[in-house]
>>> print(open('work_38.cif').read())   # mmCIF, C-alpha atoms and all ligand atoms
data_target
#
loop_
_atom_site.label_atom_id
_atom_site.label_comp_id
_atom_site.auth_asym_id
_atom_site.auth_seq_id
_atom_site.Cartn_x
_atom_site.Cartn_y
_atom_site.Cartn_z
CA MET A 200 108.40 107.01 60.86
CA LYS A 201 109.03 103.29 61.53
CA LYS A 202 106.12 100.82 61.35
CA ILE A 203 105.83 97.63 63.42
CA LYS A 204 105.65 94.53 61.21
CA LYS A 205 102.09 93.17 60.87
CA GLN A 206 101.83 89.62 62.19
CA ASN A 207 99.90 87.65 64.81
CA TYR A 208 101.87 88.61 67.92
CA VAL A 209 99.32 86.99 70.26
CA ASP A 210 100.01 83.50 68.88
CA LEU A 211 103.75 84.20 68.87
CA PHE A 212 103.86 85.62 72.41
CA TYR A 213 101.57 83.13 74.17
CA LYS A 214 101.58 79.93 72.09
CA GLU A 215 105.19 79.79 70.87
CA GLN A 216 107.55 81.96 72.94
CA PRO A 217 106.57 80.50 76.37
CA LYS A 218 108.11 77.20 75.21
CA LEU A 219 111.50 78.97 75.19
CA CYS A 220 111.21 80.06 78.86
CA ASP A 221 112.30 77.98 81.82
CA PRO A 222 109.34 75.64 82.66
CA LYS A 223 109.14 77.28 86.13
CA ASP A 224 109.54 80.89 84.93
CA PHE A 225 105.79 81.41 85.30
CA TRP A 226 105.86 85.23 85.00
CA GLY A 227 108.27 85.20 82.08
CA GLN A 228 105.95 82.80 80.22
CA VAL A 229 103.13 85.38 80.27
CA LYS A 230 105.49 88.28 79.48
CA ARG A 231 105.26 89.67 82.99
CA SER A 232 108.93 90.70 82.93
CA VAL A 233 111.17 93.77 82.67
CA ASP A 234 114.20 93.63 80.36
CA GLY A 235 113.82 89.86 80.19
CA LYS A 236 113.81 89.41 84.01
CA PRO A 237 110.71 88.34 85.98
CA ILE A 238 109.03 91.26 87.76
CA SER A 239 109.42 91.59 91.53
CA ASN A 240 107.08 89.99 94.03
CA SER A 241 105.87 93.44 95.12
CA GLN A 242 104.45 93.97 91.60
CA ILE A 243 102.56 90.67 91.83
CA ILE A 244 101.20 91.62 95.25
CA MET A 245 99.88 94.90 93.79
CA ILE A 246 97.94 92.92 91.16
CA GLU A 247 96.67 90.43 93.74
CA ASN A 248 95.43 93.20 96.04
CA ALA A 249 93.79 95.19 93.23
CA VAL A 250 91.88 92.14 91.94
CA ASP A 251 90.93 90.96 95.44
CA LYS A 252 89.54 94.38 96.35
CA GLY A 253 88.01 95.12 92.93
CA LEU A 254 86.14 91.81 92.81
CA LYS A 255 85.43 91.82 96.58
CA LEU A 256 86.45 88.15 96.65
CA SER A 257 84.96 85.91 99.31
CA LYS A 258 85.03 82.24 100.25
CA SER A 259 81.74 81.62 98.46
CA ASP A 260 82.90 82.98 95.07
CA LYS A 261 83.19 80.86 91.95
CA VAL A 262 85.47 82.69 89.54
CA LEU A 263 85.74 82.42 85.76
CA ASP A 264 89.28 83.45 84.72
CA ILE A 265 89.23 84.45 81.03
CA GLY A 266 92.65 84.19 79.36
CA CYS A 267 94.19 82.67 82.50
CA GLY A 268 97.54 81.91 80.81
CA ASN A 269 99.59 79.45 82.88
CA GLY A 270 97.36 79.82 85.97
CA ALA A 271 100.09 81.42 88.14
CA LEU A 272 97.96 84.51 88.73
CA SER A 273 94.74 82.49 89.14
CA ALA A 274 96.38 80.33 91.83
CA LEU A 275 97.01 83.39 94.03
CA PHE A 276 93.26 83.54 94.64
CA PHE A 277 92.53 79.85 95.33
CA LYS A 278 92.59 80.29 99.12
CA LYS A 279 90.20 83.24 98.99
CA ILE A 280 87.49 81.64 96.86
CA ASN A 281 85.42 78.50 96.50
CA LYS A 282 86.15 77.57 92.88
CA LEU A 283 88.02 78.80 89.80
CA VAL A 284 87.54 77.84 86.17
CA GLY A 285 90.33 79.13 83.93
CA VAL A 286 90.30 79.18 80.13
CA ASP A 287 93.06 79.98 77.66
CA PHE A 288 93.76 79.11 74.03
CA SER A 289 97.49 78.49 74.50
CA GLU A 290 98.02 74.75 74.65
CA TYR A 291 101.46 75.21 76.20
CA LEU A 292 100.30 77.61 78.95
CA ILE A 293 97.28 75.46 79.84
CA GLY A 294 99.66 72.49 80.07
CA VAL A 295 101.77 74.46 82.58
CA ALA A 296 98.62 75.42 84.51
CA LYS A 297 97.43 71.81 84.71
CA GLU A 298 100.83 70.50 85.76
CA ASN A 299 101.60 73.14 88.39
CA PHE A 300 98.38 74.69 89.70
CA GLU A 301 95.29 72.60 88.91
CA MET A 302 93.52 71.14 91.97
CA LYS A 303 90.54 69.14 90.76
CA PRO A 304 87.61 69.38 91.09
CA ASP A 305 87.46 72.98 92.33
CA TYR A 306 90.34 74.76 90.58
CA THR A 307 90.55 73.71 86.94
CA PHE A 308 92.05 74.95 83.67
CA HIS A 309 90.67 74.45 80.16
CA LEU A 310 92.10 74.75 76.66
CA ALA A 311 89.66 76.67 74.46
CA ASP A 312 88.98 79.94 72.73
CA ALA A 313 87.62 82.24 75.44
CA TYR A 314 84.37 83.25 73.75
CA GLU A 315 83.52 79.68 72.66
CA PHE A 316 84.17 78.44 76.19
CA ILE A 317 81.99 81.12 77.77
CA VAL A 318 79.10 80.28 75.44
CA ASN A 319 79.38 76.51 75.90
CA TYR A 320 80.18 76.34 79.64
CA GLU A 321 77.51 74.20 81.27
CA HIS A 322 77.43 75.75 84.75
CA LYS A 323 76.97 79.42 83.94
CA GLU A 324 74.72 79.95 86.95
CA HIS A 325 77.51 78.83 89.33
CA ILE A 326 79.87 81.66 88.39
CA THR A 327 79.75 84.74 90.66
CA LYS A 328 82.82 86.78 89.56
CA VAL A 329 84.89 87.08 86.38
CA LEU A 330 88.57 87.94 86.03
CA CYS A 331 90.16 88.92 82.72
CA TYR A 332 93.69 90.12 83.45
CA GLY A 333 96.05 91.26 80.69
CA THR A 334 93.90 89.59 78.05
CA PHE A 335 90.93 91.78 77.05
CA ALA A 336 92.98 93.89 74.60
CA TYR A 337 93.53 90.75 72.50
CA PHE A 338 89.81 90.35 71.75
CA ASP A 339 88.75 92.19 68.61
CA PHE A 340 85.98 94.80 68.79
CA GLN A 341 83.18 92.39 67.86
CA VAL A 342 84.27 89.58 70.19
CA ALA A 343 84.82 92.00 73.10
CA LYS A 344 81.28 93.35 72.77
CA LYS A 345 79.68 89.90 72.27
CA MET A 346 81.56 88.60 75.31
CA LEU A 347 80.57 91.38 77.71
CA ARG A 348 76.97 91.26 76.54
CA PHE A 349 76.82 87.47 76.86
CA LEU A 350 78.31 87.58 80.35
CA ASN A 351 75.69 90.14 81.34
CA GLU A 352 72.75 88.27 79.84
CA SER A 353 73.66 84.62 80.49
CA TYR A 354 75.82 84.68 83.63
CA LYS A 355 73.11 86.13 85.84
CA ASN A 356 74.93 85.49 89.13
CA VAL A 357 78.05 87.41 88.11
CA SER A 358 78.09 90.64 90.11
CA ARG A 359 81.55 91.91 89.09
CA VAL A 360 84.02 91.56 86.22
CA TYR A 361 87.65 92.69 86.66
CA ILE A 362 89.33 93.68 83.40
CA GLY A 363 92.96 94.31 84.25
CA ASN A 364 95.92 95.98 82.55
CA LEU A 365 94.08 97.64 79.66
CA PRO A 366 96.23 99.82 77.40
CA ASN A 367 94.91 103.40 77.51
CA LYS A 368 94.50 104.96 74.06
CA ASP A 369 94.85 108.44 75.59
CA LYS A 370 98.28 107.47 76.97
CA ALA A 371 99.73 105.63 73.94
CA GLU A 372 102.39 108.32 73.47
CA ASN A 373 103.75 107.41 76.94
CA PHE A 374 104.54 103.93 75.62
CA TYR A 375 105.69 104.11 72.00
CA TYR A 376 109.01 105.66 70.92
CA LYS A 377 108.46 108.95 69.08
CA ASP A 378 109.71 107.56 65.73
CA ILE A 379 107.20 104.66 65.73
CA ASP A 380 104.01 105.02 63.71
CA TYR A 381 101.55 103.23 66.00
CA THR A 382 98.32 104.34 64.32
CA GLU A 383 97.59 100.88 62.87
CA GLN A 384 98.70 99.08 66.03
CA ILE A 385 96.24 100.59 68.46
CA ASP A 386 93.17 99.10 66.75
CA ASP A 387 94.73 95.71 66.04
CA ALA A 388 93.89 92.85 68.42
CA GLU A 389 96.85 90.82 67.07
CA SER A 390 99.42 93.58 67.69
CA PRO A 391 101.90 93.15 70.59
CA ILE A 392 99.75 95.13 73.06
CA GLY A 393 96.36 94.48 71.42
CA ILE A 394 93.59 97.09 71.13
CA TRP A 395 94.09 100.34 73.03
CA ARG A 396 90.86 101.80 74.43
CA SER A 397 90.25 105.14 76.14
CA GLU A 398 88.28 105.28 79.39
CA ASP A 399 85.41 106.89 77.45
CA GLU A 400 85.38 104.00 74.98
CA MET A 401 85.27 101.49 77.84
CA LYS A 402 82.45 103.45 79.45
CA GLU A 403 80.46 103.30 76.21
CA LEU A 404 81.20 99.58 75.73
CA ALA A 405 80.15 98.75 79.30
CA ALA A 406 76.89 100.73 78.98
CA ASP A 407 76.15 99.07 75.63
CA CYS A 408 76.54 95.63 77.23
CA GLY A 409 74.42 96.41 80.30
CA TRP A 410 77.19 96.93 82.89
CA GLY A 411 77.97 99.72 85.34
CA ILE A 412 81.66 100.67 85.37
CA ASN A 413 84.38 101.84 87.80
CA PHE A 414 88.00 102.58 86.93
CA HIS A 415 91.05 101.62 88.96
CA LYS A 416 94.55 103.05 88.60
CA MET A 417 97.49 101.05 89.93
CA PRO A 418 100.09 102.82 92.13
CA LYS A 419 102.72 104.84 90.21
CA THR A 420 105.35 102.23 91.14
CA PHE A 421 103.44 99.57 89.20
CA GLN A 422 105.04 98.59 85.90
CA GLY A 423 102.93 100.03 83.07
CA SER A 424 100.87 102.35 85.29
CA HIS A 425 101.81 105.27 82.99
CA TYR A 426 99.82 103.80 80.09
CA ARG A 427 97.49 101.16 81.53
CA TYR A 428 94.38 101.08 83.74
CA ASP A 429 91.91 98.57 85.15
CA VAL A 430 88.14 98.40 84.85
CA ILE A 431 85.60 96.92 87.24
CA LEU A 432 82.22 96.13 85.70
CA LYS A 433 79.30 95.87 88.10
CA ARG A 434 75.87 94.39 87.56
CA LYS A 435 73.23 97.12 87.62
CA LEU A 436 70.55 96.49 90.20
C1 LIG A 501 99.25 88.56 79.11
S1 LIG A 501 98.61 86.94 79.13
C2 LIG A 501 97.72 87.02 80.67
C3 LIG A 501 97.61 85.69 81.36
C4 LIG A 501 97.02 85.76 82.78
N1 LIG A 501 95.69 86.32 82.78
C5 LIG A 501 97.92 86.58 83.68
O1 LIG A 501 97.59 87.76 83.89
O2 LIG A 501 98.91 86.05 84.15
C6 LIG A 501 97.29 86.97 77.92
C7 LIG A 501 96.63 85.63 77.72
O3 LIG A 501 95.48 85.75 76.89
C8 LIG A 501 95.35 84.54 76.17
N2 LIG A 501 94.41 84.76 75.05
C9 LIG A 501 94.43 85.73 74.11
N3 LIG A 501 93.38 85.61 73.26
C10 LIG A 501 92.65 84.55 73.70
C11 LIG A 501 91.45 83.91 73.24
N4 LIG A 501 90.78 84.36 72.16
N5 LIG A 501 90.98 82.86 73.93
C12 LIG A 501 91.66 82.38 75.02
N6 LIG A 501 92.82 82.93 75.49
C13 LIG A 501 93.31 84.00 74.84
C14 LIG A 501 96.79 84.24 75.74
O4 LIG A 501 96.99 82.90 75.35
C15 LIG A 501 97.54 84.61 77.03
O5 LIG A 501 97.71 83.50 77.87
#
>>> encode(input="work_38.cif", output="structure tokens")
Amino acid sequence: MKKIKKQNYVDLFYKEQPKLCDPKDFWGQVKRSVDGKPISNSQIIMIENAVDKGLKLSKSDKVLDIGCGNGALSALFFKKINKLVGVDFSEYLIGVAKENFEMKPDYTFHLADAYEFIVNYEHKEHITKVLCYGTFAYFDFQVAKKMLRFLNESYKNVSRVYIGNLPNKDKAENFYYKDIDYTEQIDDAESPIGIWRSEDEMKELAADCGWGINFHKMPKTFQGSHYRYDVILKRKL
């Protein structure tokens, strides 16, 4: 069985490799590509629709986008909402976001570690919805729990959190080649895909942090739908 080399793939993928992409290859920079080519617009529309519906976005919403990358996905929602605050720890990607998508003062992007930003953000009560697309798997077990609990306890006006593109532990064999030993990978936040969680594990995590939970499956034609799923956390009344 082959093992995948242990290293910090998150830093490599999102802090270093985006510098090698074309400055306007926004999807390539966040690894939203197939065989090195950017994914089709129909794939992006599927994400946009799923998030819009899952968060029930409206013109009064102020959205916190955790792990916003270069802001290309965040910007798709600007017209539907009142404000967006994006945070990411990749200096390069936040630079791209500021240069191409930022519209001060309502749509802004910030360079910081996600958890530190969430704790220190001064206008917690303004935020009504949270988006975390393609990023949650890169938070280790402790940080993921602290983050969801903190959002529940300190962001009292947040009614929904969309956690998109989670790798499903029960479907890992649909992703890895048969001769790859992925046992160490699936619990490693720094591995290429991050931490794989089953729906039951997400249910337990949500309950532990005070959230109700719904699951969303993307259409079969969506890239990665055979091993990924989305989660919508809802504030319990
Ligand atoms: C797959 S990209 C998704 C970007 C964007 N949400 C999208 O869907 O286009 C994952 C992002 O998570 C960010 N990230 C991972 N760990 C982070 C952390 N601890 N704090 C802030 N950003 C983080 C990476 O820099 C990267 O931009």
>>> residues_around(input="work_38.cif", residues="stretch 352-362 of chain A", least_positions_apart="3", cutoff="8 Å", atoms="all atoms listed in the file", output="JSON, numbers by chain")
{"A": [250, 253, 254, 323, 324, 325, 326, 327, 328, 329, 330, 331, 332, 333, 335, 348, 349, 365, 429, 430, 431, 432, 433, 434]}
>>> closest_atom_pairs(input="work_38.cif", of="chain A", to="ligand LIG 501 (chain A)", cutoff="7 Å", atoms="only C-alpha atoms and all ligand atoms", output="Markdown table")
| residue | atom | partner | partner_atom | distance |
| --- | --- | --- | --- | --- |
| A:Val209 | CA | A:LIG501 | C9 | 6.3 |
| A:Tyr213 | CA | A:LIG501 | O4 | 4.7 |
| A:Lys214 | CA | A:LIG501 | O4 | 6.4 |
| A:Val229 | CA | A:LIG501 | S1 | 4.9 |
| A:Lys230 | CA | A:LIG501 | C1 | 6.3 |
| A:Ile265 | CA | A:LIG501 | N6 | 6.8 |
| A:Gly266 | CA | A:LIG501 | O3 | 4.1 |
| A:Cys267 | CA | A:LIG501 | N1 | 4.0 |
| A:Gly268 | CA | A:LIG501 | O5 | 3.3 |
| A:Asn269 | CA | A:LIG501 | O5 | 6.7 |
| A:Gly270 | CA | A:LIG501 | O2 | 6.7 |
| A:Ala271 | CA | A:LIG501 | O2 | 6.2 |
| A:Leu272 | CA | A:LIG501 | O2 | 4.9 |
| A:Val286 | CA | A:LIG501 | C12 | 6.2 |
| A:Asp287 | CA | A:LIG501 | N6 | 3.7 |
| A:Phe288 | CA | A:LIG501 | C12 | 4.0 |
| A:Ser289 | CA | A:LIG501 | O4 | 4.5 |
| A:Leu292 | CA | A:LIG501 | O5 | 6.5 |
| A:Ala311 | CA | A:LIG501 | C12 | 6.1 |
| A:Asp312 | CA | A:LIG501 | N5 | 3.7 |
| A:Ala313 | CA | A:LIG501 | N5 | 3.7 |
| A:Tyr314 | CA | A:LIG501 | N5 | 6.6 |
| A:Cys331 | CA | A:LIG501 | N1 | 6.1 |
| A:Tyr332 | CA | A:LIG501 | N1 | 4.3 |
| A:Gly333 | CA | A:LIG501 | C1 | 4.5 |
| A:Thr334 | CA | A:LIG501 | C6 | 4.3 |
| A:Tyr337 | CA | A:LIG501 | N3 | 5.2 |
| A:Phe338 | CA | A:LIG501 | N4 | 6.1 |
>>> write_last_selection(input="work_38.cif", atoms="C-alpha atoms", output="mmCIF file, in the frame of the given file")
data_model
loop_
_atom_site.group_PDB
_atom_site.id
_atom_site.type_symbol
_atom_site.label_atom_id
_atom_site.label_comp_id
_atom_site.auth_asym_id
_atom_site.auth_seq_id
_atom_site.Cartn_x
_atom_site.Cartn_y
_atom_site.Cartn_z
ATOM 1 C CA VAL A 209 99.320 86.990 70.260
ATOM 2 C CA TYR A 213 101.570 83.130 74.170
ATOM 3 C CA LYS A 214 101.580 79.930 72.090
ATOM 4 C CA VAL A 229 103.130 85.380 80.270
ATOM 5 C CA LYS A 230 105.490 88.280 79.480
ATOM 6 C CA ILE A 265 89.230 84.450 81.030
ATOM 7 C CA GLY A 266 92.650 84.190 79.360
ATOM 8 C CA CYS A 267 94.190 82.670 82.500
ATOM 9 C CA GLY A 268 97.540 81.910 80.810
ATOM 10 C CA ASN A 269 99.590 79.450 82.880
ATOM 11 C CA GLY A 270 97.360 79.820 85.970
ATOM 12 C CA ALA A 271 100.090 81.420 88.140
ATOM 13 C CA LEU A 272 97.960 84.510 88.730
ATOM 14 C CA VAL A 286 90.300 79.180 80.130
ATOM 15 C CA ASP A 287 93.060 79.980 77.660
ATOM 16 C CA PHE A 288 93.760 79.110 74.030
ATOM 17 C CA SER A 289 97.490 78.490 74.500
ATOM 18 C CA LEU A 292 100.300 77.610 78.950
ATOM 19 C CA ALA A 311 89.660 76.670 74.460
ATOM 20 C CA ASP A 312 88.980 79.940 72.730
ATOM 21 C CA ALA A 313 87.620 82.240 75.440
ATOM 22 C CA TYR A 314 84.370 83.250 73.750
ATOM 23 C CA CYS A 331 90.160 88.920 82.720
ATOM 24 C CA TYR A 332 93.690 90.120 83.450
ATOM 25 C CA GLY A 333 96.050 91.260 80.690
ATOM 26 C CA THR A 334 93.900 89.590 78.050
ATOM 27 C CA TYR A 337 93.530 90.750 72.500
ATOM 28 C CA PHE A 338 89.810 90.350 71.750
#
>>> atom_distance(input="work_38.cif", atom1="atom CA of A:Val284", atom2="atom CA of A:Gly363")
17.4 Å
>>> closest_atom_pairs(input="work_38.cif", of="stretch 277-364 of chain A", to="stretch 399-415 of chain A", cutoff="8 Å", atoms="all atoms listed in the file", output="tab-separated table")
residue	atom	partner	partner_atom	distance
A:Lys344	CA	A:Cys408	CA	6.9
A:Leu347	CA	A:Cys408	CA	5.9
A:Arg348	CA	A:Cys408	CA	4.4
A:Asn351	CA	A:Gly409	CA	6.5
>>> residues_near_point(input="work_38.cif", point="(107.3, 97.7, 82.0)", cutoff="7 Å", atoms="all atoms listed in the file", output="VMD selection string")
chain A and resid 233 422 to 423
>>> atom_distance(input="work_38.cif", atom1="atom CA of A:Asn367", atom2="atom CA of A:Ser273")
23.9 Å
>>> closest_residue(input="work_38.cif", among="A:Gln384, A:Phe421, A:Phe277, A:Asp221", to="A:Asn240", atoms="only C-alpha atoms")
A:Phe421
>>> atom_distance(input="work_38.cif", atom1="atom CA of A:Leu263", atom2="atom CA of A:Asn207")
25.8 Å
>>> closest_residue(input="work_38.cif", among="A:Ile394, A:Leu350, A:Met302, A:Ile293", to="A:Lys368", atoms="only C-alpha atoms")
A:Ile394
>>> closest_residue(input="work_38.cif", among="A:Trp395, A:Tyr426, A:Val342, A:Glu389", to="A:Lys205", atoms="all atoms listed in the file")
A:Glu389
>>> closest_residue(input="work_38.cif", among="A:Ser232, A:Gln206, A:Ser241, A:Ser390", to="A:Thr420", atoms="all atoms listed in the file")
A:Ser241
>>> closest_residue(input="work_38.cif", among="A:Arg427, A:Lys377, A:Lys416, A:Lys435", to="A:Ala336", atoms="only C-alpha atoms")
A:Arg427
>>> closest_residue(input="work_38.cif", among="A:Leu275, A:Gly235, A:Val318, A:Phe225", to="A:Glu298", atoms="all atoms listed in the file")
A:Phe225
